[in-house]
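Here is the structure we will look at, set down as structure tokens.
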Amino acid sequence: MSEGKFIKGQGAQRNEINRFDKYTFEPEEEDYEPAKTKFTEVFPKTIVNSVKSPDLSMELSLNPYQGCEHGCSYCFARPTHEFWGFSAGTDFERQIMVKKNAPELLEKFFRKKNYIPKTLFLSGNTDCYQPAEKKFEITRQILQLCLDYRHPVSILTKNALVLRDLDVLKLLAEQNLVSVSFSIPTLKEEIRRKMEPRTSSAEKKLKALEILAENKIPTGVMVAPVIPGLTSDESLNILKTISEAGAQKVGYALVRLNDTVEPVFVNWINANFPDRAQKVLNLIRSMRGGNLGDKRLYERYKGEGNIAEMIHNTFALGKRKYFTDKGFAPLSTENFTGTKGQQLKLF
């Protein structure tokens, strides 16, 4: 697709071929047009996911929505949309499934007789504060349940909409039941508008970070993804800025383009940054053994080669300089009883 025809506000410009489809259709370029977002209410049988990957720190995750309106071309969750019969391209951003019974299912999960509480991660796949949340308020209901049951919950988002729920977050924080982290891959607004077109601006994320920290809510930042040749030069400045804004923890992740994320990103980088597209792609390949993606456990986060090592060294330096003596304690599970009241479980 030519740069002039690139649709603003979308990361994907087309529906990439679903790898599970038997038949495929390749549209002509003139068929591409802005897509309208469609919301479909779904009613899954379970809502809490047990995370089995040994290289991930989370144990339980919950995603109120399937698909994400934020439009990040690099999103690792895009291929999961294919399991639902959709495309990892435009469909992922515009065909959003809303799990209306998520709060009901979560309460049943909390009431399981032999359940041992572990921190619940929102969201392990798609953003729990994407624009749809403003209308459906499922995440807010989930946070209220965590408060009612005194269950720990950790949030990762790209959206300052999280401040809407400051009242609930403050009550959770009083019992050491919540932490909130923002994904901030760039502070340059001209890049942010292209990288993640329907997220909050970096300025709004930083302001939200400050407000949360002022209200004694444990805060962190994920600098993700780090894209060599595009955002990697910002790393130290990001760490300095978020530390000053009140972040107590920081993490980062190198970009990786698995499965159908690859064609979405390649199309995006060529259209938006044609002057550096091939340089960026070649730098990514240098970190991924000649590929753009990597699925190997542990290695997928480390990368390889000089560029990956340079990024790791930069973050190590930044953490020593801006995050020494920072951090927060693990969230509490000690007051969870499987009931809304304070009474203990009898059986």
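Residue numbering restarts at 1 in every chain; chains get A, B, ... in the order shown in the structure tokens, and ligands count up from 1 in that same order.
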Give me every strand (DSSP E or B) residue in region 11-202 of chain A, going by DSSP on the backbone, as a PyMOL selection string.
-> chain A and resi 38-42+48-50+60-62+65-66+95-99+120-122+153-157+178-183
Contact residues around His81 (chain A) with only C-alpha atoms at 12 Å, ignoring same-chain residues under 4 positions, as a PyMOL selection string = chain A and resi 15-20+65-68+75-77+85-97+125-126+259-261
Identify, on the basis of only C-alpha atoms, every residue whose closest approach to Leu62 (chain A) does not exceed 8 Å; exclude the query and any residue fewer than 6 positions from it along the same chain; express the result as a compact mmCIF listing (two decimals) with N, CA and C atoms, in the first residue's frame.
# COMPACT_ATOMS: atom_id res chain seq x y z
N ILE A 47 -13.27 -17.24 32.68
CA ILE A 47 -12.72 -15.91 32.42
C ILE A 47 -11.29 -15.75 32.92
N VAL A 48 -10.87 -16.56 33.89
CA VAL A 48 -9.52 -16.46 34.43
C VAL A 48 -8.61 -17.46 33.73
N ASN A 49 -7.49 -16.99 33.23
CA ASN A 49 -6.53 -17.84 32.52
C ASN A 49 -5.36 -18.17 33.43
N LEU A 120 -4.09 -11.30 40.28
CA LEU A 120 -4.79 -11.35 38.99
C LEU A 120 -4.27 -10.24 38.11
N PHE A 121 -3.84 -10.60 36.90
CA PHE A 121 -3.22 -9.62 36.00
C PHE A 121 -4.23 -9.17 34.95
N LEU A 122 -4.47 -7.85 34.89
CA LEU A 122 -5.30 -7.22 33.86
C LEU A 122 -4.40 -6.35 33.01
N SER A 123 -4.16 -6.60 31.78
CA SER A 123 -4.67 -7.72 31.03
C SER A 123 -3.48 -8.46 30.45
N GLY A 124 -3.58 -9.74 30.31
CA GLY A 124 -2.47 -10.50 29.77
C GLY A 124 -2.41 -10.48 28.27
Any chance you could list, as a VMD selection string, the residues in region 95-255 of chain A that come up helix (DSSP H, G or I) when DSSP is run on the backbone?
-> chain A and resid 102 to 110 132 to 136 138 to 149 160 to 174 189 to 195 202 to 214 232 to 245
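Minimum atom-to-atom distance to Phe182 (chain A), evaluated using only C-alpha atoms, belongs to A:Glu210 out of A:Glu210, A:Glu104, A:Asp294, A:Glu41.
We find CA of Gly246 (chain A) and CA of Ala308 (chain A) to be spaced 27.5 Å apart.
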Name the closest residue to Val250 (chain A) among the candidates A:Asn215, A:Asn282, A:Thr139, A:Ser183; distances are taken between atoms, counting only C-alpha atoms.
->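 Among the listed residues, A:Ser183 lies closest to Val250 (chain A).
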Excluding Leu177 (chain A) and any residue of its chain fewer than 4 positions from it, enumerate the residues within 9 Å of it, using only C-alpha atoms, and give them as a PyMOL selection string.
-> chain A and resi 119+146-147+150-154+169+171-173+331-333
Would you write out those residues with N, CA and C atoms, as a PDB file, in the first residue's frame?
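Full text of again.pdb as output:
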ATOM      1  N   THR A 119      -2.106 -13.082  42.537  1.00  0.00           N
ATOM      2  CA  THR A 119      -2.381 -11.795  41.907  1.00  0.00           C
ATOM      3  C   THR A 119      -2.985 -11.991  40.524  1.00  0.00           C
ATOM      4  N   CYS A 146     -12.653  -7.281  43.168  1.00  0.00           N
ATOM      5  CA  CYS A 146     -11.365  -7.501  43.850  1.00  0.00           C
ATOM      6  C   CYS A 146     -11.347  -6.785  45.190  1.00  0.00           C
ATOM      7  N   LEU A 147     -11.945  -5.603  45.240  1.00  0.00           N
ATOM      8  CA  LEU A 147     -12.042  -4.886  46.511  1.00  0.00           C
ATOM      9  C   LEU A 147     -12.962  -5.616  47.476  1.00  0.00           C
ATOM     10  N   ARG A 150     -11.189  -8.650  48.622  1.00  0.00           N
ATOM     11  CA  ARG A 150      -9.829  -8.399  49.099  1.00  0.00           C
ATOM     12  C   ARG A 150      -8.815  -9.254  48.333  1.00  0.00           C
ATOM     13  N   HIS A 151      -8.950  -9.218  47.000  1.00  0.00           N
ATOM     14  CA  HIS A 151      -8.106 -10.035  46.127  1.00  0.00           C
ATOM     15  C   HIS A 151      -7.131  -9.130  45.359  1.00  0.00           C
ATOM     16  N   PRO A 152      -5.834  -9.452  45.312  1.00  0.00           N
ATOM     17  CA  PRO A 152      -4.861  -8.588  44.635  1.00  0.00           C
ATOM     18  C   PRO A 152      -5.029  -8.574  43.117  1.00  0.00           C
ATOM     19  N   VAL A 153      -4.801  -7.407  42.516  1.00  0.00           N
ATOM     20  CA  VAL A 153      -4.954  -7.250  41.074  1.00  0.00           C
ATOM     21  C   VAL A 153      -3.893  -6.276  40.564  1.00  0.00           C
ATOM     22  N   SER A 154      -3.286  -6.628  39.450  1.00  0.00           N
ATOM     23  CA  SER A 154      -2.255  -5.798  38.827  1.00  0.00           C
ATOM     24  C   SER A 154      -2.719  -5.395  37.428  1.00  0.00           C
ATOM     25  N   LEU A 169      -9.395   2.327  43.086  1.00  0.00           N
ATOM     26  CA  LEU A 169      -7.963   2.032  43.172  1.00  0.00           C
ATOM     27  C   LEU A 169      -7.383   2.485  44.510  1.00  0.00           C
ATOM     28  N   LEU A 171      -8.934   2.677  47.392  1.00  0.00           N
ATOM     29  CA  LEU A 171      -9.375   1.746  48.431  1.00  0.00           C
ATOM     30  C   LEU A 171      -8.614   0.424  48.349  1.00  0.00           C
ATOM     31  N   LEU A 172      -8.345  -0.039  47.128  1.00  0.00           N
ATOM     32  CA  LEU A 172      -7.538  -1.248  46.957  1.00  0.00           C
ATOM     33  C   LEU A 172      -6.123  -1.028  47.480  1.00  0.00           C
ATOM     34  N   ALA A 173      -5.547   0.120  47.177  1.00  0.00           N
ATOM     35  CA  ALA A 173      -4.174   0.406  47.581  1.00  0.00           C
ATOM     36  C   ALA A 173      -4.038   0.474  49.101  1.00  0.00           C
ATOM     37  N   LEU A 331       1.916  -7.752  46.268  1.00  0.00           N
ATOM     38  CA  LEU A 331       0.562  -7.471  46.711  1.00  0.00           C
ATOM     39  C   LEU A 331       0.103  -8.528  47.719  1.00  0.00           C
ATOM     40  N   SER A 332      -0.856  -8.137  48.548  1.00  0.00           N
ATOM     41  CA  SER A 332      -1.269  -8.986  49.663  1.00  0.00           C
ATOM     42  C   SER A 332      -2.364  -9.978  49.263  1.00  0.00           C
ATOM     43  N   THR A 333      -2.240 -11.188  49.756  1.00  0.00           N
ATOM     44  CA  THR A 333      -3.297 -12.202  49.608  1.00  0.00           C
ATOM     45  C   THR A 333      -3.845 -12.627  50.968  1.00  0.00           C
TER      46      THR A 333
END
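Among A:Cys128, A:Val223, A:Val98, A:Val42, the residue with the shortest atom-to-atom distance to Ser235 (chain A), counting only C-alpha atoms, is A:Val223.
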Fewer than 5 positions away in the same chain doesn't count, so skip those; otherwise give me all residues within 12 Å of Lys207 (chain A), counting only C-alpha atoms, as a ChimeraX atom specification.
-> /A:159-163,182,200-202,212-214,241-242,244-247
Take the residues from that selection and write them out as a short mmCIF file (atom, residue, chain, number, x, y, z; two decimals), in the first residue's frame, keeping N, CA, C and O atoms.
data_model
loop_
_atom_site.label_atom_id
_atom_site.label_comp_id
_atom_site.auth_asym_id
_atom_site.auth_seq_id
_atom_site.Cartn_x
_atom_site.Cartn_y
_atom_site.Cartn_z
N ASN A 159 -3.80 3.45 28.54
CA ASN A 159 -4.86 4.44 28.51
C ASN A 159 -5.03 5.13 29.86
O ASN A 159 -5.18 4.46 30.89
N ALA A 160 -5.06 6.46 29.84
CA ALA A 160 -5.26 7.24 31.05
C ALA A 160 -6.68 7.12 31.59
O ALA A 160 -6.98 7.66 32.65
N LEU A 161 -7.54 6.40 30.89
CA LEU A 161 -8.90 6.13 31.38
C LEU A 161 -8.89 5.46 32.74
O LEU A 161 -9.87 5.53 33.48
N VAL A 162 -7.78 4.85 33.10
CA VAL A 162 -7.66 4.20 34.41
C VAL A 162 -7.98 5.18 35.54
O VAL A 162 -8.47 4.78 36.60
N LEU A 163 -7.77 6.46 35.33
CA LEU A 163 -8.04 7.46 36.37
C LEU A 163 -9.53 7.56 36.70
O LEU A 163 -9.89 8.03 37.78
N PHE A 182 1.86 1.53 33.24
CA PHE A 182 1.56 2.05 31.92
C PHE A 182 2.58 1.52 30.91
O PHE A 182 3.76 1.36 31.24
N SER A 200 -3.82 6.82 24.77
CA SER A 200 -3.59 8.14 25.35
C SER A 200 -2.20 8.62 24.94
O SER A 200 -1.28 7.83 24.74
N SER A 201 -2.05 9.93 24.85
CA SER A 201 -0.75 10.50 24.54
C SER A 201 0.22 10.22 25.67
O SER A 201 -0.18 9.94 26.81
N ALA A 202 1.51 10.30 25.39
CA ALA A 202 2.52 10.10 26.43
C ALA A 202 2.35 11.12 27.55
O ALA A 202 2.52 10.81 28.73
N LEU A 212 -1.62 8.88 40.16
CA LEU A 212 -1.66 7.61 40.87
C LEU A 212 -0.61 7.58 41.98
O LEU A 212 -0.88 7.14 43.11
N ALA A 213 0.60 8.03 41.66
CA ALA A 213 1.68 8.03 42.65
C ALA A 213 1.34 8.95 43.82
O ALA A 213 1.60 8.62 44.99
N GLU A 214 0.75 10.09 43.53
CA GLU A 214 0.36 11.05 44.57
C GLU A 214 -0.69 10.43 45.51
O GLU A 214 -0.77 10.81 46.68
N THR A 241 12.36 10.33 32.86
CA THR A 241 11.08 11.03 32.92
C THR A 241 10.07 10.29 33.77
O THR A 241 9.36 10.89 34.59
N ILE A 242 9.98 8.98 33.62
CA ILE A 242 8.98 8.22 34.39
C ILE A 242 9.37 8.13 35.85
O ILE A 242 8.50 8.11 36.73
N GLU A 244 10.88 10.51 37.52
CA GLU A 244 10.49 11.81 38.06
C GLU A 244 8.99 11.93 38.22
O GLU A 244 8.50 12.67 39.08
N ALA A 245 8.23 11.18 37.39
CA ALA A 245 6.77 11.23 37.46
C ALA A 245 6.21 10.34 38.58
O ALA A 245 5.01 10.41 38.87
N GLY A 246 7.06 9.52 39.17
CA GLY A 246 6.61 8.71 40.30
C GLY A 246 6.62 7.22 40.09
O GLY A 246 6.21 6.46 40.99
N ALA A 247 7.08 6.75 38.94
CA ALA A 247 7.13 5.30 38.72
C ALA A 247 8.09 4.65 39.71
O ALA A 247 9.19 5.14 39.93
#
If we count only C-alpha atoms, what is near Val226 (chain A) at a cut-off of 12 Å, once residues fewer than 3 positions away on the same chain are taken out, given as an MDAnalysis selection string?
-> chainID A and resid 74 183:186 195 222:223 229:236 238 251:256 280 283:284 287 301:303 307:308 310:312 314:315
Separation of CA of Tyr129 (chain A) from CA of Tyr149 (chain A), in Å and rounded to one decimal =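 Atom-to-atom, CA of Tyr129 (chain A) to CA of Tyr149 (chain A), that is 21.6 Å.
What separates CA of Phe43 (chain A) from CA of Asn114 (chain A) is a distance of 24.6 Å.
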